[in-house]
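Taking it in order: structure first as structure tokens, then the write-up.
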Amino acid sequence: MSNLLLAALPRNHYRALLPRLTPVELVFGDVLHEQGKPIREVYFPTASLVSLLTLADGHLALEVGMVGREGMVGVALALGIGASPVRALVQGAGPALRMDAKHFREALDASPALQRAVHRYTGTLIGQISQTAACNRFHVVERRLARWLLMTRDRVRSAEFRLTHEFLSQMLGVRRVGVTVAASALQKRKLIEYHRGNIRIRNEAGLQAAACACYVAAR
Amino acid sequence: MVTAGGIARSQPRENRLLAALPDAEYEILRPHLEPVAMPLGMAVYESGGAQGYVYFPTDSIVSLLYVLESGACTEIAVTGNEGLVGISLFMGGETTPSRAVVQSAGYGYRARAAILKQRFESAHDVQLLLLRFTQALITQMTQTAVCNRHHAVHQQLCRWLLLMLDRLSSDEVRMTQELIANMLGVRREGVTEAAGKLQADGLIEYSRGRIRVLDRQRLESSVCECYAVVKREYDRLLPYALQNSALPG
């Protein structure tokens with residue numbers, strides 16, 4: 001299991017980072033970064049999934065990004081910002097590599113290759129945020145739910161995962177009843193199976209057809 | 001693309017990002033800055049198209065739009081003289097599936113992406129400044145996403161007007177309701193209704209393609225929190241920017 005952002009670094013740069021990387025198990029529901037609070041550690045998921053959420057009117061409002069093994073949690077540090085602009089919430093339990101904020105800053109200074117990789121990854125996160133803004137505006141809950149399930153599947157690399165309606169309503173920024181209606185519709189079409197907080201994707205091609213085009217664009 | 005040449009009415013450092021660069025860095029960039037007229041509707045860059053230039057508005061405002069496969073689009077951020085257009089050119093990565101269109105006519109300067117990327121990679125001060133601008137832009141985009149999801153059209157209209165005002169030197173925005181509806185990604189009727197309400201309450205005056213803000217304070221008290229969140233972040237990250245605005249940071 002590896003993190004793709006780190007794996008793409010030149011060998012010697014990667015090896016220099018290794019002593020500073022601590023393997024950890026991320027637990028479902030853990031908050032890695034709180035919005036507005038200092039970032040103390042950054043995380044490189046290897047087989048876990050982290051949601052970046054933002055608040056509005058004091059409540060969890062919307063997921064604006066999803067980070068799996070293709071990226072890292074804590075890019076704000078690489079932009080020179082010490083406080084997290086988002087809440088980072090573990091959505092898929094599993095292993096990740098953790099690095100101290102201080103060590104990460106030092107590593108950035110020492111490795112232009114790491115800098116470039118993180119900046120490029122920040123660019124893809126910006127793409128996700130923009131798309132979220134547009135997708136939220138135009139696409140109905142059912143299609144967005146289908147997209148969200150597929151994006152999650154791609155990052156946890158499993159067709160089955162744990163989720164509650166409450167959680168989904170926060171991710172999609174809609175009321176719980178909206179999620180319930182959308183999930184039942186997908187279930188009725190035999191695209192997913194939903195049982196007590198467990199979701200299984202039954203028909204991937206069908207779910208792709210049900211998702212908005214944003215899925216393909218963001219992949 | 002029309003180059004303004006000698007008739008450009010602005011100096012490069014009317015762009016506050018260029019003004020915030022250390023003098024030595026600015027001197028390196030200056031020979032590469034080319035004045036450009038930025039008329040309303042000009043596409044600064046197109047979806048998927050290669051962009052060879054980074055733009056620094058001086059008195060124009062550029063709208064960053066996200067275009068969906070269906071062709072529907074929505075504004076995700078605006079940039080005026082506090083920043084630049086074309087961050088992906090120094091951040092790296094693929095061309096984004098979005099467009100940048102001039103939303104308020106004026107002038108600006110452009111520089112070849114290669115020179116900016118070169119300074120970004122070799123000058124720490126330049127990198128720091130551009131990264132801070134990038135973070136401020138990310139905050140604006142994030143807040144737009146939240147606002148699109150959670151807030152009513154009249155609040156979004158207030159937010160949009162205030163973002164524009166902060167980047168203009170007057171209290172008048174030249175814009176049709178149809179264009180605003182396109183920017184916000186809502187139906188025109190929604191904008192008409194919201195603008196009508198603001199006008200009836202004496203906050204704005206609306207006439208053919210022009211919106212004049214009469215009572216900025218009340219506009220600020222009608223807007224959702226999204227405006228203040230973005231404003232605070234711009235003030236914090238780019239203390240030099242947005243000096244026109246009145247809302248306390």
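Order determines the names: the first chain of the structure tokens is A, the second B, and so forth; residues in each chain are numbered 1 upward, and ligands are numbered 1 upward as they are shown.
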
Selection near His103 in chain A, 12 Å with only C-alpha atoms, sequence-local residues under 5 positions removed, as a PDB file with C-alpha atoms, in the first residue's frame:
```
ATOM      1  CA  ALA A  16      14.830  11.265   2.761  1.00  0.00           C
ATOM      2  CA  LEU A  17      11.239  11.637   3.924  1.00  0.00           C
ATOM      3  CA  LEU A  18      10.838   8.105   5.211  1.00  0.00           C
ATOM      4  CA  PRO A  19      12.315   8.554   8.706  1.00  0.00           C
ATOM      5  CA  ARG A  20       9.828  11.386   9.292  1.00  0.00           C
ATOM      6  CA  LEU A  21       6.769   9.416   8.225  1.00  0.00           C
ATOM      7  CA  THR A  22       4.897   7.505  10.896  1.00  0.00           C
ATOM      8  CA  ARG A  40      -0.051  20.041  13.719  1.00  0.00           C
ATOM      9  CA  GLU A  41       0.387  17.071  11.419  1.00  0.00           C
ATOM     10  CA  VAL A  42      -0.161  16.290   7.782  1.00  0.00           C
ATOM     11  CA  LEU A  77       0.785  24.362   5.148  1.00  0.00           C
ATOM     12  CA  ALA A  78       2.426  24.243   1.743  1.00  0.00           C
ATOM     13  CA  ARG A  98       1.649  10.988   9.296  1.00  0.00           C
ATOM     14  CA  LEU A 108       9.241  21.254   1.498  1.00  0.00           C
ATOM     15  CA  ASP A 109      12.203  23.585   1.807  1.00  0.00           C
ATOM     16  CA  ALA A 110      14.609  20.745   1.124  1.00  0.00           C
ATOM     17  CA  SER A 111      12.778  19.156  -1.787  1.00  0.00           C
TER      18      SER A 111
END
```

Exercise answer, chain A residues close to chain B, 9 Å and only C-alpha atoms, as JSON, numbers by chain: {"A": [54, 55, 56, 57, 61, 62, 63, 64, 76, 78, 79, 80, 81, 85, 112, 116, 117, 118, 119, 120, 121, 122, 123, 124, 126, 127, 129, 130, 131, 132, 133, 134, 135, 136, 137, 138, 172, 173, 174, 213, 214, 217]}

May I have the selected residues written with C-alpha atoms, as a short mmCIF file (atom, residue, chain, number, x, y, z; two decimals), in the first residue's frame?
```cif
data_model
loop_
_atom_site.label_atom_id
_atom_site.label_comp_id
_atom_site.auth_asym_id
_atom_site.auth_seq_id
_atom_site.Cartn_x
_atom_site.Cartn_y
_atom_site.Cartn_z
CA THR A 54 -16.58 23.43 5.57
CA LEU A 55 -19.01 25.07 7.97
CA ALA A 56 -21.76 27.58 7.36
CA ASP A 57 -23.80 29.27 10.05
CA ALA A 61 -22.30 22.50 5.60
CA LEU A 62 -20.62 20.76 2.76
CA GLU A 63 -17.87 18.48 1.64
CA VAL A 64 -15.59 20.41 -0.69
CA ALA A 76 -2.62 24.72 3.44
CA ALA A 78 2.43 24.24 1.74
CA LEU A 79 0.64 27.49 0.87
CA GLY A 80 2.14 29.15 3.91
CA ILE A 81 -1.01 28.92 6.03
CA PRO A 85 -9.31 26.31 6.30
CA PRO A 112 11.61 21.14 -4.82
CA ARG A 116 5.95 20.73 -7.04
CA ALA A 117 3.99 17.58 -6.24
CA VAL A 118 2.07 19.31 -3.44
CA HIS A 119 1.38 22.39 -5.54
CA ARG A 120 0.15 20.26 -8.40
CA TYR A 121 -2.05 18.31 -6.02
CA THR A 122 -3.41 21.60 -4.64
CA GLY A 123 -4.39 22.41 -8.22
CA THR A 124 -6.47 19.24 -8.42
CA ILE A 126 -9.05 23.48 -6.50
CA GLY A 127 -10.62 21.59 -9.40
CA ILE A 129 -13.84 22.64 -5.08
CA SER A 130 -14.88 24.42 -8.28
CA GLN A 131 -16.70 21.38 -9.46
CA THR A 132 -18.48 21.00 -6.15
CA ALA A 133 -19.70 24.58 -6.48
CA ALA A 134 -21.09 23.93 -9.95
CA CYS A 135 -22.39 20.42 -9.30
CA ASN A 136 -24.27 21.59 -6.21
CA ARG A 137 -25.91 24.27 -8.20
CA PHE A 138 -27.18 22.22 -11.06
CA LEU A 172 -23.91 16.60 0.18
CA GLY A 173 -25.23 19.60 2.04
CA VAL A 174 -28.85 18.46 1.89
CA ALA A 213 -21.04 13.88 -15.60
CA CYS A 214 -18.96 15.50 -12.86
CA ALA A 217 -14.59 14.91 -15.00
#
```

Proximity to Met164 in chain B - best of B:Tyr227, B:Tyr107, B:Phe120, B:Tyr45, only C-alpha atoms: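 Once distances to Met164 in chain B are computed over only C-alpha atoms, the minimum belongs to B:Tyr227.
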
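Near Glu25 in chain A, within a cut-off of 8 Å and counting only C-alpha atoms, sit the residues A:Ala93, A:Gly94, A:Pro95, A:Ala96, with same-chain residues fewer than 6 positions away left out.
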
Residue subset to file, keeping C-alpha atoms, as a tab-separated table (two decimals), in the first residue's frame:
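File written: selection-v4.tsv
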```tsv
chain	number	residue	atom	x	y	z
A	93	ALA	CA	-10.84	4.01	8.19
A	94	GLY	CA	-7.46	2.64	7.26
A	95	PRO	CA	-3.73	3.24	7.16
A	96	ALA	CA	-2.02	6.55	6.42
```

Residue set, range 18-208 of chain B restricted to alpha helix (DSSP H), as a count of residues only: 86

Within 9 Å of Thr164 in chain A using only C-alpha atoms, minus same-chain residues under 2 positions, as a PDB file with C-alpha atoms, in the first residue's frame:
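Result file out-v4.pdb:
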```pdb
ATOM      1  CA  ARG A 162     -19.969   2.286   6.146  1.00  0.00           C
ATOM      2  CA  GLU A 166     -26.649  11.916   8.694  1.00  0.00           C
ATOM      3  CA  PHE A 167     -23.104  11.756   7.408  1.00  0.00           C
ATOM      4  CA  LEU A 168     -24.242  11.755   3.800  1.00  0.00           C
ATOM      5  CA  SER A 169     -26.496  14.719   4.420  1.00  0.00           C
ATOM      6  CA  ARG A 196     -27.862  -0.308   8.603  1.00  0.00           C
ATOM      7  CA  GLY A 197     -25.173   2.124   7.687  1.00  0.00           C
ATOM      8  CA  ASN A 198     -23.499  -0.231   5.208  1.00  0.00           C
TER       9      ASN A 198
END
```

Distance in Å - CA of Gln156 in chain B versus CA of Leu179 in chain B: 14.1 Å

Within 7 Å of Phe44 in chain A using only C-alpha atoms, minus same-chain residues under 2 positions, as a ChimeraX atom specification: /A:3,42,46,69,71-73,96-98

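One distance worth recording is that between CA of Arg155 in chain A and CA of Lys102 in chain A, which is 27.6 Å.
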
Excluding Ser63 in chain B and any residue of its chain fewer than 3 positions from it, enumerate the residues within 10 Å of it, using only C-alpha atoms, and give them as a compact mmCIF listing (two decimals) with N, CA and C atoms, in the first residue's frame.
```txt
# COMPACT_ATOMS: atom_id res chain seq x y z
N GLY B 41 -16.66 40.69 -21.43
CA GLY B 41 -16.93 39.46 -22.16
C GLY B 41 -15.71 38.79 -22.76
N ALA B 43 -12.75 36.49 -23.25
CA ALA B 43 -12.35 35.24 -22.60
C ALA B 43 -10.86 35.30 -22.33
N VAL B 44 -10.49 35.37 -21.06
CA VAL B 44 -9.07 35.41 -20.69
C VAL B 44 -8.47 34.03 -20.90
N TYR B 66 -17.04 27.85 -13.82
CA TYR B 66 -16.90 26.42 -14.02
C TYR B 66 -17.95 25.99 -15.01
N THR B 74 -21.29 28.31 -13.88
CA THR B 74 -21.52 29.12 -12.70
C THR B 74 -20.21 29.75 -12.28
N GLU B 75 -20.32 30.92 -11.71
CA GLU B 75 -19.12 31.63 -11.27
C GLU B 75 -18.60 30.98 -9.99
N ILE B 76 -17.30 30.76 -9.92
CA ILE B 76 -16.77 30.18 -8.69
C ILE B 76 -15.89 31.19 -7.95
N ALA B 77 -15.45 32.24 -8.63
CA ALA B 77 -14.66 33.27 -7.95
C ALA B 77 -14.52 34.49 -8.86
N VAL B 78 -14.22 35.62 -8.25
CA VAL B 78 -13.86 36.80 -9.05
C VAL B 78 -12.47 37.27 -8.62
N THR B 79 -11.76 37.85 -9.58
CA THR B 79 -10.44 38.40 -9.29
C THR B 79 -10.34 39.78 -9.93
N GLY B 80 -9.92 40.75 -9.15
CA GLY B 80 -9.71 42.09 -9.67
C GLY B 80 -8.26 42.48 -9.45
N VAL B 85 -4.90 36.21 -12.76
CA VAL B 85 -5.71 35.14 -13.33
C VAL B 85 -4.78 34.17 -14.02
N ARG B 99 -13.60 28.53 -17.35
CA ARG B 99 -13.34 29.67 -18.21
C ARG B 99 -13.09 30.88 -17.32
N ALA B 100 -12.37 31.84 -17.87
CA ALA B 100 -12.21 33.11 -17.18
C ALA B 100 -12.65 34.19 -18.15
N VAL B 101 -13.60 35.00 -17.72
CA VAL B 101 -14.20 35.99 -18.62
C VAL B 101 -14.21 37.36 -17.93
N VAL B 102 -13.91 38.39 -18.70
CA VAL B 102 -13.93 39.73 -18.12
C VAL B 102 -15.37 40.12 -17.81
N GLN B 103 -15.58 40.52 -16.57
CA GLN B 103 -16.92 40.80 -16.10
C GLN B 103 -17.13 42.30 -15.91
N SER B 104 -16.03 43.01 -15.69
CA SER B 104 -16.11 44.45 -15.62
C SER B 104 -14.94 44.98 -16.45
N MET B 183 -23.96 34.27 -13.98
CA MET B 183 -22.85 34.17 -13.03
C MET B 183 -23.25 33.33 -11.83
```
